[in-house]
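Coordinates from target08.txt are shown below (compact mmCIF, C-alpha atoms).
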```txt
# COMPACT_ATOMS: atom_id res chain seq x y z
CA MET O 168 132.78 91.95 93.90
CA HIS O 169 129.75 91.65 91.67
CA GLU O 170 128.55 94.71 89.79
CA SER O 171 124.77 95.14 89.93
CA ARG O 172 123.08 95.89 86.66
CA ALA O 173 119.45 96.54 85.80
CA VAL O 174 117.64 94.21 83.46
CA ALA O 175 114.14 95.27 82.37
CA THR O 176 111.86 92.33 81.77
CA ASP O 177 108.21 91.54 81.27
CA ALA O 178 108.77 88.09 82.79
CA PRO O 179 106.30 86.89 85.43
CA PRO O 180 107.14 87.69 89.07
CA ASP O 181 108.45 84.17 89.78
CA SER O 182 111.07 84.21 87.01
CA ALA O 183 114.57 83.55 88.33
CA ALA O 184 117.15 86.33 88.51
CA ARG O 185 120.77 85.55 87.84
CA PRO O 186 122.98 85.90 90.95
CA GLY O 187 124.44 89.39 91.25
CA ASP O 188 121.91 91.02 88.91
CA ALA O 189 119.45 93.68 90.00
CA VAL O 190 116.50 92.68 87.87
CA VAL O 191 113.92 95.35 87.16
CA ARG O 192 110.63 93.69 86.33
CA ARG O 193 107.87 95.50 84.52
CA ILE O 194 104.61 93.96 85.68
CA ASP O 195 100.86 94.40 85.86
CA PRO O 196 99.82 93.80 89.50
CA THR O 197 96.20 93.22 88.48
CA ALA O 198 97.34 90.02 86.77
CA ASP O 199 99.35 88.78 89.77
CA ALA O 200 97.22 86.89 92.31
CA GLN O 201 100.04 87.10 94.90
CA TRP O 202 100.74 90.81 94.56
CA ASP O 203 98.99 92.03 97.72
CA ALA O 204 100.41 89.21 99.86
CA GLY O 205 103.94 90.11 98.78
CA LEU O 206 103.26 93.81 99.21
CA ALA O 207 102.25 93.34 102.84
CA ALA O 208 105.92 92.86 103.78
CA CYS O 209 107.03 95.99 101.90
CA PRO O 210 107.61 98.93 104.31
CA GLY O 211 105.47 101.95 103.59
CA ALA O 212 102.95 100.12 101.40
CA SER O 213 99.45 101.61 101.47
CA PHE O 214 96.11 100.67 100.02
CA PHE O 215 96.94 102.57 96.85
CA HIS O 216 99.90 100.23 96.19
CA THR O 217 97.60 97.19 96.14
CA ALA O 218 96.13 95.64 93.01
CA ALA O 219 92.59 96.80 93.87
CA TRP O 220 93.08 100.47 93.01
CA PRO O 221 94.60 99.94 89.52
CA ARG O 222 91.78 97.47 88.82
CA VAL O 223 89.29 100.29 89.45
CA LEU O 224 91.20 102.75 87.28
CA GLN O 225 91.70 100.21 84.52
CA SER O 226 88.06 99.14 84.40
CA ALA O 227 86.66 102.69 84.63
CA TYR O 228 89.03 104.57 82.34
CA GLY O 229 91.22 102.06 80.52
CA PHE O 230 94.44 103.20 82.19
CA LYS O 231 97.27 100.67 81.84
CA PRO O 232 99.21 99.52 84.95
CA VAL O 233 102.99 99.58 84.41
CA TYR O 234 104.77 98.78 87.69
CA PHE O 235 108.57 98.63 87.92
CA THR O 236 109.81 96.34 90.69
CA LEU O 237 112.93 94.91 92.25
CA GLY O 238 112.74 91.72 94.28
CA GLY O 239 112.35 87.99 94.25
CA ALA O 240 109.45 85.66 93.60
CA GLY O 241 106.26 87.46 94.58
CA ARG O 242 108.11 89.62 97.14
CA PRO O 243 108.80 93.09 95.77
CA ARG O 244 111.33 94.97 97.90
CA SER O 245 111.16 98.13 95.77
CA VAL O 246 108.24 99.35 93.66
CA LEU O 247 107.67 102.30 91.35
CA PRO O 248 103.93 102.03 90.56
CA LEU O 249 102.80 103.83 87.40
CA MET O 250 99.76 103.84 85.16
CA GLU O 251 99.77 104.98 81.58
CA VAL O 252 97.08 107.58 80.86
CA ASP O 253 96.49 107.87 77.13
CA SER O 254 94.25 110.77 76.16
CA TRP O 255 93.67 112.44 72.80
CA LEU O 256 92.98 115.64 74.76
CA THR O 257 95.79 115.79 77.32
CA GLY O 258 98.37 113.41 75.86
CA ARG O 259 100.05 110.23 77.02
CA ARG O 260 101.85 110.18 80.36
CA GLY O 261 102.81 108.00 83.32
CA ILE O 262 101.30 108.80 86.72
CA SER O 263 101.84 107.29 90.15
CA LEU O 264 98.88 106.99 90.49
CA PRO O 265 95.85 108.68 88.88
CA PHE O 266 93.16 109.97 91.26
CA THR O 267 95.40 109.09 94.19
CA ASP O 268 96.17 111.43 97.08
CA GLU O 269 99.60 109.94 97.75
CA CYS O 270 101.41 106.91 96.30
CA ALA O 271 105.14 107.31 96.83
CA PRO O 272 107.64 104.85 95.33
CA LEU O 273 108.49 102.04 97.75
CA CYS O 274 112.26 101.76 97.70
CA ALA O 275 114.63 99.89 99.98
CA ASN O 276 117.35 102.50 99.34
CA PRO O 277 118.21 105.37 96.92
CA ASP O 278 120.12 103.02 94.61
CA SER O 279 117.00 100.91 94.15
CA PHE O 280 115.00 103.98 93.19
CA ARG O 281 117.63 105.07 90.68
CA LEU O 282 117.40 101.67 88.96
CA LEU O 283 113.61 101.80 88.78
CA HIS O 284 113.54 105.45 87.75
CA ARG O 285 116.01 104.90 84.92
CA GLU O 286 113.99 101.99 83.54
CA ALA O 287 110.78 104.02 83.84
CA LEU O 288 112.31 106.89 81.85
CA ASP O 289 113.44 104.44 79.15
CA TYR O 290 109.91 103.07 78.98
CA ALA O 291 108.51 106.62 78.88
CA LYS O 292 110.65 107.32 75.83
CA LEU O 293 109.52 104.08 74.18
CA ARG O 294 105.85 104.91 74.77
CA GLY O 295 106.09 108.63 74.04
CA TRP O 296 104.97 109.90 77.42
CA LYS O 297 104.89 113.65 77.91
CA TYR O 298 106.00 113.32 81.50
CA LEU O 299 106.31 111.05 84.51
CA GLU O 300 104.58 112.14 87.72
CA CYS O 301 105.06 110.73 91.22
CA ARG O 302 102.55 111.69 93.88
CA GLY O 303 104.80 111.51 96.90
CA GLY O 304 108.44 110.54 97.46
CA ARG O 305 109.94 113.87 96.46
CA SER O 306 113.06 113.26 98.57
CA LEU O 307 114.03 110.43 96.21
CA PHE O 308 114.45 112.98 93.41
CA GLY O 309 117.15 115.01 95.17
CA ASP O 310 116.60 118.75 94.85
CA ALA O 311 113.79 118.51 92.30
CA PRO O 312 111.05 121.12 92.92
CA ALA O 313 107.52 120.12 93.80
CA SER O 314 105.06 120.37 90.91
CA ALA O 315 102.20 120.57 93.42
CA SER O 316 102.00 120.53 97.21
CA PHE O 317 99.26 119.45 99.58
CA LEU O 318 98.71 118.83 103.27
CA GLY O 319 98.10 115.35 104.67
CA HIS O 320 96.53 114.49 108.03
CA ARG O 321 96.78 111.29 110.06
CA LEU O 322 95.01 110.18 113.21
CA ASP O 323 96.44 107.66 115.66
CA LEU O 324 93.73 105.08 116.37
CA ARG O 325 95.52 103.42 119.25
CA GLY O 326 94.90 103.87 122.96
CA GLY O 327 91.18 103.17 123.23
CA GLU O 328 87.98 105.04 122.45
CA ALA O 329 88.14 107.47 125.38
CA ALA O 330 91.72 108.47 124.64
CA ILE O 331 90.98 109.03 120.95
CA PHE O 332 87.91 111.13 121.73
CA ALA O 333 89.86 113.22 124.25
CA ARG O 334 92.34 114.23 121.53
CA PHE O 335 89.60 115.85 119.43
CA ASP O 336 89.11 119.60 119.54
CA GLY O 337 86.19 120.82 121.60
CA SER O 338 84.29 121.73 118.43
CA ALA O 339 84.57 118.17 117.09
CA ARG O 340 83.49 116.63 120.40
CA ARG O 341 80.46 118.92 120.60
CA ALA O 342 79.49 118.15 116.99
CA VAL O 343 79.65 114.40 117.66
CA ARG O 344 77.54 114.70 120.81
CA LYS O 345 74.97 116.82 118.98
CA ALA O 346 74.81 114.32 116.12
CA GLU O 347 74.31 111.45 118.55
CA GLN O 348 71.16 113.22 119.81
CA SER O 349 69.80 114.10 116.33
CA GLY O 350 67.98 110.86 115.60
CA LEU O 351 70.52 109.75 113.02
CA THR O 352 71.22 106.13 112.22
CA ILE O 353 74.55 104.87 110.87
CA GLU O 354 75.03 101.95 108.51
CA PHE O 355 78.17 100.28 107.21
CA SER O 356 77.64 98.69 103.82
CA ARG O 357 79.48 97.22 100.86
CA ASP O 358 76.57 96.79 98.48
CA LEU O 359 75.81 98.66 95.27
CA ALA O 360 72.65 100.29 96.62
CA ALA O 361 74.65 102.03 99.35
CA VAL O 362 77.21 103.16 96.77
CA ARG O 363 74.41 104.59 94.64
CA ALA O 364 73.00 106.48 97.64
CA PHE O 365 76.44 107.86 98.39
CA HIS O 366 76.94 108.92 94.78
CA ARG O 367 73.72 110.95 94.86
CA LEU O 368 75.06 112.79 97.91
CA LEU O 369 78.41 113.25 96.18
CA CYS O 370 76.77 114.88 93.17
CA LYS O 371 75.06 117.40 95.48
CA THR O 372 78.31 118.12 97.30
CA ARG O 373 80.37 118.53 94.13
CA LYS O 374 77.73 120.88 92.66
CA ARG O 375 77.93 122.98 95.80
CA HIS O 376 81.71 123.22 95.38
CA GLY O 377 81.64 123.68 91.63
CA VAL O 378 83.55 120.46 90.89
CA PRO O 379 82.07 117.86 88.48
CA PRO O 380 81.46 114.46 90.11
CA GLN O 381 83.12 111.21 89.10
CA PRO O 382 80.67 109.16 86.99
CA PHE O 383 78.72 106.41 88.69
CA HIS O 384 80.49 103.63 86.77
CA PHE O 385 83.70 104.67 88.55
CA PHE O 386 82.03 104.08 91.93
CA ALA O 387 80.51 100.85 90.65
CA GLY O 388 84.11 99.76 90.01
CA ILE O 389 85.00 100.70 93.57
CA GLN O 390 82.16 98.52 94.82
CA ARG O 391 83.20 95.57 92.65
CA HIS O 392 86.98 95.68 93.08
CA ILE O 393 87.31 97.14 96.60
CA LEU O 394 84.22 96.99 98.76
CA ALA O 395 83.06 93.56 97.61
CA GLN O 396 86.59 92.30 98.32
CA ASN O 397 86.30 93.44 101.97
CA LEU O 398 88.81 96.25 101.48
CA GLY O 399 86.58 99.10 102.57
CA TRP O 400 83.17 100.44 103.53
CA VAL O 401 80.53 102.95 102.57
CA VAL O 402 79.28 104.57 105.77
CA LEU O 403 75.93 106.35 105.53
CA ALA O 404 74.06 108.52 108.02
CA ARG O 405 70.27 108.48 107.62
CA HIS O 406 67.62 110.73 109.08
CA GLY O 407 64.13 109.35 108.84
CA GLY O 408 65.48 106.75 106.43
CA ILE O 409 66.90 109.42 104.07
CA PRO O 410 70.68 109.39 103.43
CA VAL O 411 72.00 112.78 104.58
CA ALA O 412 75.78 112.19 104.78
CA GLY O 413 78.28 109.51 103.90
CA ALA O 414 81.90 108.56 103.41
CA VAL O 415 83.91 105.94 101.57
CA TYR O 416 86.84 104.29 103.36
CA PHE O 417 89.53 101.94 102.04
CA HIS O 418 91.94 99.90 104.13
CA PHE O 419 95.10 97.83 103.89
CA GLY O 420 97.21 96.42 106.71
CA LYS O 421 96.61 98.53 109.82
CA THR O 422 95.73 101.76 107.98
CA LEU O 423 92.30 103.15 107.12
CA ILE O 424 91.94 105.80 104.38
CA TYR O 425 89.15 108.37 104.21
CA LYS O 426 88.79 108.73 100.45
CA TYR O 427 85.45 110.42 99.74
CA GLY O 428 82.93 112.35 101.80
CA ALA O 429 79.58 113.89 100.91
CA SER O 430 76.45 115.36 102.50
CA ASP O 431 73.12 117.04 101.92
CA GLU O 432 73.45 120.68 102.94
CA ALA O 433 69.80 120.83 103.97
CA PHE O 434 70.64 118.57 106.95
CA GLN O 435 73.95 120.20 107.88
CA HIS O 436 72.62 121.27 111.28
CA LEU O 437 72.45 117.60 112.33
CA ARG O 438 76.27 117.26 112.10
CA ALA O 439 75.86 113.94 110.30
CA ASN O 440 79.36 114.13 108.76
CA ASN O 441 80.86 114.19 112.23
CA LEU O 442 78.89 111.14 113.32
CA VAL O 443 79.90 109.22 110.19
CA MET O 444 83.56 109.93 110.95
CA TRP O 445 83.28 109.09 114.64
CA GLU O 446 81.50 105.79 114.03
CA ALA O 447 84.13 104.83 111.45
CA ILE O 448 86.91 105.73 113.88
CA LYS O 449 85.36 103.69 116.70
CA ARG O 450 84.71 100.62 114.60
CA HIS O 451 88.14 100.46 113.04
CA ALA O 452 89.96 101.21 116.27
CA GLN O 453 88.09 98.30 117.88
CA GLU O 454 89.10 96.07 114.97
CA GLY O 455 92.80 96.83 115.51
CA PHE O 456 93.48 99.48 112.91
CA GLU O 457 96.23 101.84 114.04
CA MET O 458 95.98 104.87 111.78
CA LEU O 459 93.38 106.84 109.83
CA ASP O 460 94.70 108.73 106.80
CA PHE O 461 92.48 111.70 105.90
CA GLY O 462 93.96 112.10 102.40
CA ARG O 463 95.21 115.31 100.86
CA THR O 464 94.02 118.88 101.34
CA SER O 465 94.86 121.97 99.32
CA PRO O 466 96.79 124.47 101.47
CA ILE O 467 94.31 127.19 100.47
CA ASN O 468 91.28 125.17 101.62
CA GLU O 469 91.40 126.39 105.20
CA GLY O 470 87.92 125.11 106.02
CA LEU O 471 88.72 121.49 105.12
CA ARG O 472 92.10 121.74 106.82
CA LYS O 473 90.45 122.97 110.03
CA PHE O 474 87.92 120.11 109.88
CA LYS O 475 90.67 117.50 109.61
CA LEU O 476 92.82 119.08 112.32
CA SER O 477 89.84 119.16 114.67
CA TRP O 478 90.03 115.34 114.92
CA GLY O 479 93.40 115.48 116.67
CA THR O 480 95.40 114.66 113.56
CA THR O 481 99.04 115.34 112.82
CA GLU O 482 99.78 117.30 109.67
CA HIS O 483 102.43 116.58 107.05
CA ARG O 484 103.33 117.81 103.59
CA ILE O 485 102.66 115.86 100.38
CA ASP O 486 104.74 116.91 97.38
CA TYR O 487 104.25 115.77 93.80
CA VAL O 488 107.11 115.61 91.30
CA ARG O 489 106.63 115.89 87.53
CA GLN O 490 109.54 115.16 85.18
CA ASP O 491 109.41 116.08 81.51
CA ARG O 492 110.35 113.04 79.44
CA ARG O 493 111.92 115.00 76.58
CA THR O 494 114.08 117.47 78.53
CA GLY O 495 114.53 115.60 81.82
CA GLY O 496 113.62 118.80 83.66
CA PHE O 497 111.18 119.09 86.54
CA ALA O 498 108.06 121.24 86.60
CA ALA O 499 107.74 123.77 89.41
CA ALA O 500 104.46 124.50 91.15
CA LYS O 501 102.32 127.26 89.70
CA ALA O 502 100.16 129.72 91.58
CA ASP O 503 96.60 128.55 92.15
CA SER O 504 94.31 129.65 89.35
CA ALA O 505 91.22 131.73 89.84
CA ASP O 506 88.01 129.94 90.75
CA TRP O 507 86.05 131.10 87.70
CA HIS O 508 85.60 127.48 86.61
CA ALA O 509 83.94 126.58 89.92
CA ARG O 510 81.49 129.46 89.57
CA PHE O 511 80.75 128.37 86.00
CA PHE O 512 80.11 124.72 86.93
CA LYS O 513 77.76 125.72 89.75
CA MET O 514 75.47 127.43 87.23
CA LEU O 515 75.08 124.41 84.95
CA PRO O 516 71.95 122.22 84.98
CA ASN O 517 72.50 118.98 86.89
CA PRO O 518 72.38 116.65 83.85
CA VAL O 519 75.00 118.76 82.03
CA PHE O 520 77.09 119.00 85.19
CA ARG O 521 77.17 115.20 85.55
CA LEU O 522 77.86 114.68 81.86
CA ILE O 523 80.93 116.90 82.07
CA GLY O 524 82.24 114.75 84.92
CA ALA O 525 81.63 111.56 82.93
CA VAL O 526 83.56 112.94 79.95
CA LEU O 527 86.27 114.91 81.74
CA TYR O 528 87.85 112.59 84.30
CA LYS O 529 89.49 110.17 81.88
CA HIS O 530 91.47 113.06 80.43
CA VAL O 531 92.52 114.89 83.61
CA ALA O 532 93.55 111.84 85.73
```
What is this structure when it is put down as structure tokens?
Amino acid sequence: MHESRAVATDAPPDSAARPGDAVVRRIDPTADAQWDAGLAACPGASFFHTAAWPRVLQSAYGFKPVYFTLGGAGRPRSVLPLMEVDSWLTGRRGISLPFTDECAPLCANPDSFRLLHREALDYAKLRGWKYLECRGGRSLFGDAPASASFLGHRLDLRGGEAAIFARFDGSARRAVRKAEQSGLTIEFSRDLAAVRAFHRLLCKTRKRHGVPPQPFHFFAGIQRHILAQNLGWVVLARHGGIPVAGAVYFHFGKTLIYKYGASDEAFQHLRANNLVMWEAIKRHAQEGFEMLDFGRTSPINEGLRKFKLSWGTTEHRIDYVRQDRRTGGFAAAKADSADWHARFFKMLPNPVFRLIGAVLYKHVA
């Protein structure tokens, strides 16, 4: 019987593994033209496991992709995706993945994860990471506590338009019908002008919630590395030619992801957000997509949770795990902090508010 052993290597994905060895490769998927094609056969892979998302994060913030994989030439069968965030303010750490709702390790079995995890911890020690954080996949860590917990929501897009619509709550159906009679027009776009229009709406929405917006160059990266590569859409609702609501969607395989949403509160009575969502659902269902992932929601944000449930979604839990590199211990979730910071941000002038977002995001990841 052969004994499997892990061998960490920076060799390219097509390097040969010796028979009987479990070779752990440390790779950068953004430099591998075949990464997404190989990933398509990996069970559980989502858009966030593709090379497009780390390209955005790398170009916008300088984060370094460090993916640990097991598998043959261009066909990863197990993946622990990580990016190194190096900040003078918050320290150096490995995150799977920054600004990602959920990106669990893709592992064929627990033994595969143990190999990848061990190599990742060795690399963390070499690089001086403060901690390693996985956003999803808590069960792979045994009885480790969750460092943070969220709710996820998924909508089945199969069965036809009428069947999907019938699964919505009455409030969602009424909002869609009202929006359809409000003189709104819907456009699907991948160009930079549409992204800029969406970002203006996002800045208004984030100000309303007291959360600084991501800088525009981050969304320009989304347009270049995702939308222009036919991996998503910006969907805008206009009233009299004015953008009043919008959303950004990504997709991979048969799954659509609702990543960002925004609106102008002055036009809230038109229910434009509901029409944006419904038109996106219809289009992607017709194109053969099977599931819409609504992303994560804080358990204390009952309003957003209610909105997502109203679309007939099923709810699940998303747990993050954070392991201290020095002690090996796991961080437990802390009680939600007071919302003083949100109240403070709401009072700031718009230019200052946007500047804080431009400076802050690279450090918080």
Could you pull the residues within 12 Å of O:Val343, counting only C-alpha atoms, minus those fewer than 2 positions along the same chain, as a PyMOL selection string?
-> chain O and resi 332+335-341+345-349+351+436-446+448+477-478
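Atom to atom, atom CA of O:Val246 and atom CA of O:Trp400 stand 27.0 Å apart.
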Near-O:Pro379 list (9 Å; only C-alpha atoms; drop same-chain fewer than 4 positions) as a list in words =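 Selected residues are Cys370, Arg373, Lys374, Phe512, Phe520, Arg521, Leu522, Ile523, Gly524, Ala525, Leu527 and Tyr528 of chain O.
Each of O:Ser245, O:Ser314, O:Ser279, O:Thr494 was checked against O:Ala212 using all atoms listed in the file; the smallest atom-to-atom distance is that of O:Ser245.
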O:Val252, O:Leu283, O:Val233, O:Leu318: which is nearest O:Ile467, counting all atoms listed in the file?
->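 Ranking O:Val252, O:Leu283, O:Val233, O:Leu318 by distance to O:Ile467, first place goes to O:Leu318.
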With distances taken over only C-alpha atoms, which of O:Cys274, O:Leu368, O:Ala342, O:Ala207 is nearest to O:Gly413?
-> O:Leu368
Would you kindly return, as JSON, numbers by chain, each protein, DNA or RNA residue with an atom no farther than 7 Å from any atom of stretch 215-217 of chain O, considering only C-alpha atoms and excluding same-chain residues fewer than 3 positions away?
-> {"O": [203, 212, 220, 270]}
Please provide the set of residues having any atom within 8 Å of stretch 288-291 of chain O, restricted to all atoms listed in the file, with same-chain residues fewer than 5 positions apart removed, written as a CSV table (one decimal) with C-alpha atoms, keeping the file's coordinate frame.
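Contents of result-v7.csv, freshly written:
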```
chain,number,residue,atom,x,y,z
O,260,ARG,CA,101.8,110.2,80.4
O,261,GLY,CA,102.8,108.0,83.3
O,296,TRP,CA,105.0,109.9,77.4
O,297,LYS,CA,104.9,113.6,77.9
O,298,TYR,CA,106.0,113.3,81.5
O,299,LEU,CA,106.3,111.0,84.5
O,492,ARG,CA,110.4,113.0,79.4
```
Since the input lacks atoms, please generate N, CA and C atoms for stretch 317-345 of chain O and provide them as a JSON list (two decimals), in the frame of the given file.
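Wrote it out as selection-v8.json, contents follow:
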```
[["chain", "number", "residue", "atom", "x", "y", "z"],
["O", 317, "PHE", "N", 100.49, 119.58, 98.81],
["O", 317, "PHE", "CA", 99.26, 119.45, 99.58],
["O", 317, "PHE", "C", 99.60, 119.19, 101.04],
["O", 318, "LEU", "N", 98.57, 119.18, 101.87],
["O", 318, "LEU", "CA", 98.71, 118.83, 103.27],
["O", 318, "LEU", "C", 98.03, 117.48, 103.51],
["O", 319, "GLY", "N", 98.69, 116.62, 104.27],
["O", 319, "GLY", "CA", 98.10, 115.35, 104.67],
["O", 319, "GLY", "C", 97.84, 115.35, 106.16],
["O", 320, "HIS", "N", 96.87, 114.55, 106.61],
["O", 320, "HIS", "CA", 96.53, 114.49, 108.03],
["O", 320, "HIS", "C", 96.31, 113.04, 108.44],
["O", 321, "ARG", "N", 96.88, 112.66, 109.57],
["O", 321, "ARG", "CA", 96.78, 111.29, 110.06],
["O", 321, "ARG", "C", 96.36, 111.29, 111.52],
["O", 322, "LEU", "N", 95.50, 110.33, 111.84],
["O", 322, "LEU", "CA", 95.01, 110.18, 113.21],
["O", 322, "LEU", "C", 95.45, 108.84, 113.78],
["O", 323, "ASP", "N", 96.04, 108.88, 114.95],
["O", 323, "ASP", "CA", 96.44, 107.66, 115.66],
["O", 323, "ASP", "C", 95.19, 107.02, 116.26],
["O", 324, "LEU", "N", 94.92, 105.77, 115.89],
["O", 324, "LEU", "CA", 93.73, 105.08, 116.37],
["O", 324, "LEU", "C", 94.00, 104.19, 117.57],
["O", 325, "ARG", "N", 95.18, 104.27, 118.12],
["O", 325, "ARG", "CA", 95.52, 103.42, 119.25],
["O", 325, "ARG", "C", 95.19, 104.11, 120.58],
["O", 326, "GLY", "N", 95.08, 103.31, 121.63],
["O", 326, "GLY", "CA", 94.90, 103.87, 122.96],
["O", 326, "GLY", "C", 93.50, 103.76, 123.52],
["O", 327, "GLY", "N", 92.54, 103.34, 122.73],
["O", 327, "GLY", "CA", 91.18, 103.17, 123.23],
["O", 327, "GLY", "C", 90.28, 104.34, 122.87],
["O", 328, "GLU", "N", 88.97, 104.06, 122.88],
["O", 328, "GLU", "CA", 87.98, 105.04, 122.45],
["O", 328, "GLU", "C", 88.04, 106.33, 123.24],
["O", 329, "ALA", "N", 88.13, 106.26, 124.55],
["O", 329, "ALA", "CA", 88.14, 107.47, 125.38],
["O", 329, "ALA", "C", 89.35, 108.34, 125.08],
["O", 330, "ALA", "N", 90.50, 107.71, 124.91],
["O", 330, "ALA", "CA", 91.72, 108.47, 124.64],
["O", 330, "ALA", "C", 91.66, 109.14, 123.27],
["O", 331, "ILE", "N", 91.12, 108.45, 122.29],
["O", 331, "ILE", "CA", 90.98, 109.03, 120.95],
["O", 331, "ILE", "C", 90.04, 110.23, 121.01],
["O", 332, "PHE", "N", 88.90, 110.06, 121.66],
["O", 332, "PHE", "CA", 87.91, 111.13, 121.73],
["O", 332, "PHE", "C", 88.48, 112.35, 122.45],
["O", 333, "ALA", "N", 89.29, 112.11, 123.47],
["O", 333, "ALA", "CA", 89.86, 113.22, 124.25],
["O", 333, "ALA", "C", 90.82, 114.05, 123.42],
["O", 334, "ARG", "N", 91.40, 113.48, 122.36],
["O", 334, "ARG", "CA", 92.34, 114.23, 121.53],
["O", 334, "ARG", "C", 91.65, 115.14, 120.53],
["O", 335, "PHE", "N", 90.33, 114.98, 120.35],
["O", 335, "PHE", "CA", 89.60, 115.85, 119.43],
["O", 335, "PHE", "C", 89.52, 117.27, 119.99],
["O", 336, "ASP", "N", 89.40, 118.25, 119.11],
["O", 336, "ASP", "CA", 89.11, 119.60, 119.54],
["O", 336, "ASP", "C", 87.72, 119.65, 120.16],
["O", 337, "GLY", "N", 87.49, 120.67, 120.97],
["O", 337, "GLY", "CA", 86.19, 120.82, 121.60],
["O", 337, "GLY", "C", 85.07, 120.92, 120.58],
["O", 338, "SER", "N", 85.33, 121.58, 119.45],
["O", 338, "SER", "CA", 84.29, 121.73, 118.43],
["O", 338, "SER", "C", 83.90, 120.38, 117.84],
["O", 339, "ALA", "N", 84.86, 119.50, 117.64],
["O", 339, "ALA", "CA", 84.57, 118.17, 117.09],
["O", 339, "ALA", "C", 83.80, 117.33, 118.10],
["O", 340, "ARG", "N", 84.19, 117.40, 119.37],
["O", 340, "ARG", "CA", 83.49, 116.63, 120.40],
["O", 340, "ARG", "C", 82.04, 117.09, 120.52],
["O", 341, "ARG", "N", 81.83, 118.40, 120.49],
["O", 341, "ARG", "CA", 80.46, 118.92, 120.60],
["O", 341, "ARG", "C", 79.62, 118.51, 119.40],
["O", 342, "ALA", "N", 80.23, 118.54, 118.20],
["O", 342, "ALA", "CA", 79.49, 118.15, 116.99],
["O", 342, "ALA", "C", 79.09, 116.68, 117.05],
["O", 343, "VAL", "N", 79.98, 115.83, 117.54],
["O", 343, "VAL", "CA", 79.65, 114.40, 117.66],
["O", 343, "VAL", "C", 78.51, 114.20, 118.65],
["O", 344, "ARG", "N", 78.59, 114.85, 119.79],
["O", 344, "ARG", "CA", 77.54, 114.70, 120.81],
["O", 344, "ARG", "C", 76.20, 115.21, 120.28],
["O", 345, "LYS", "N", 76.21, 116.30, 119.54],
["O", 345, "LYS", "CA", 74.97, 116.82, 118.98],
["O", 345, "LYS", "C", 74.39, 115.83, 117.97]]
```
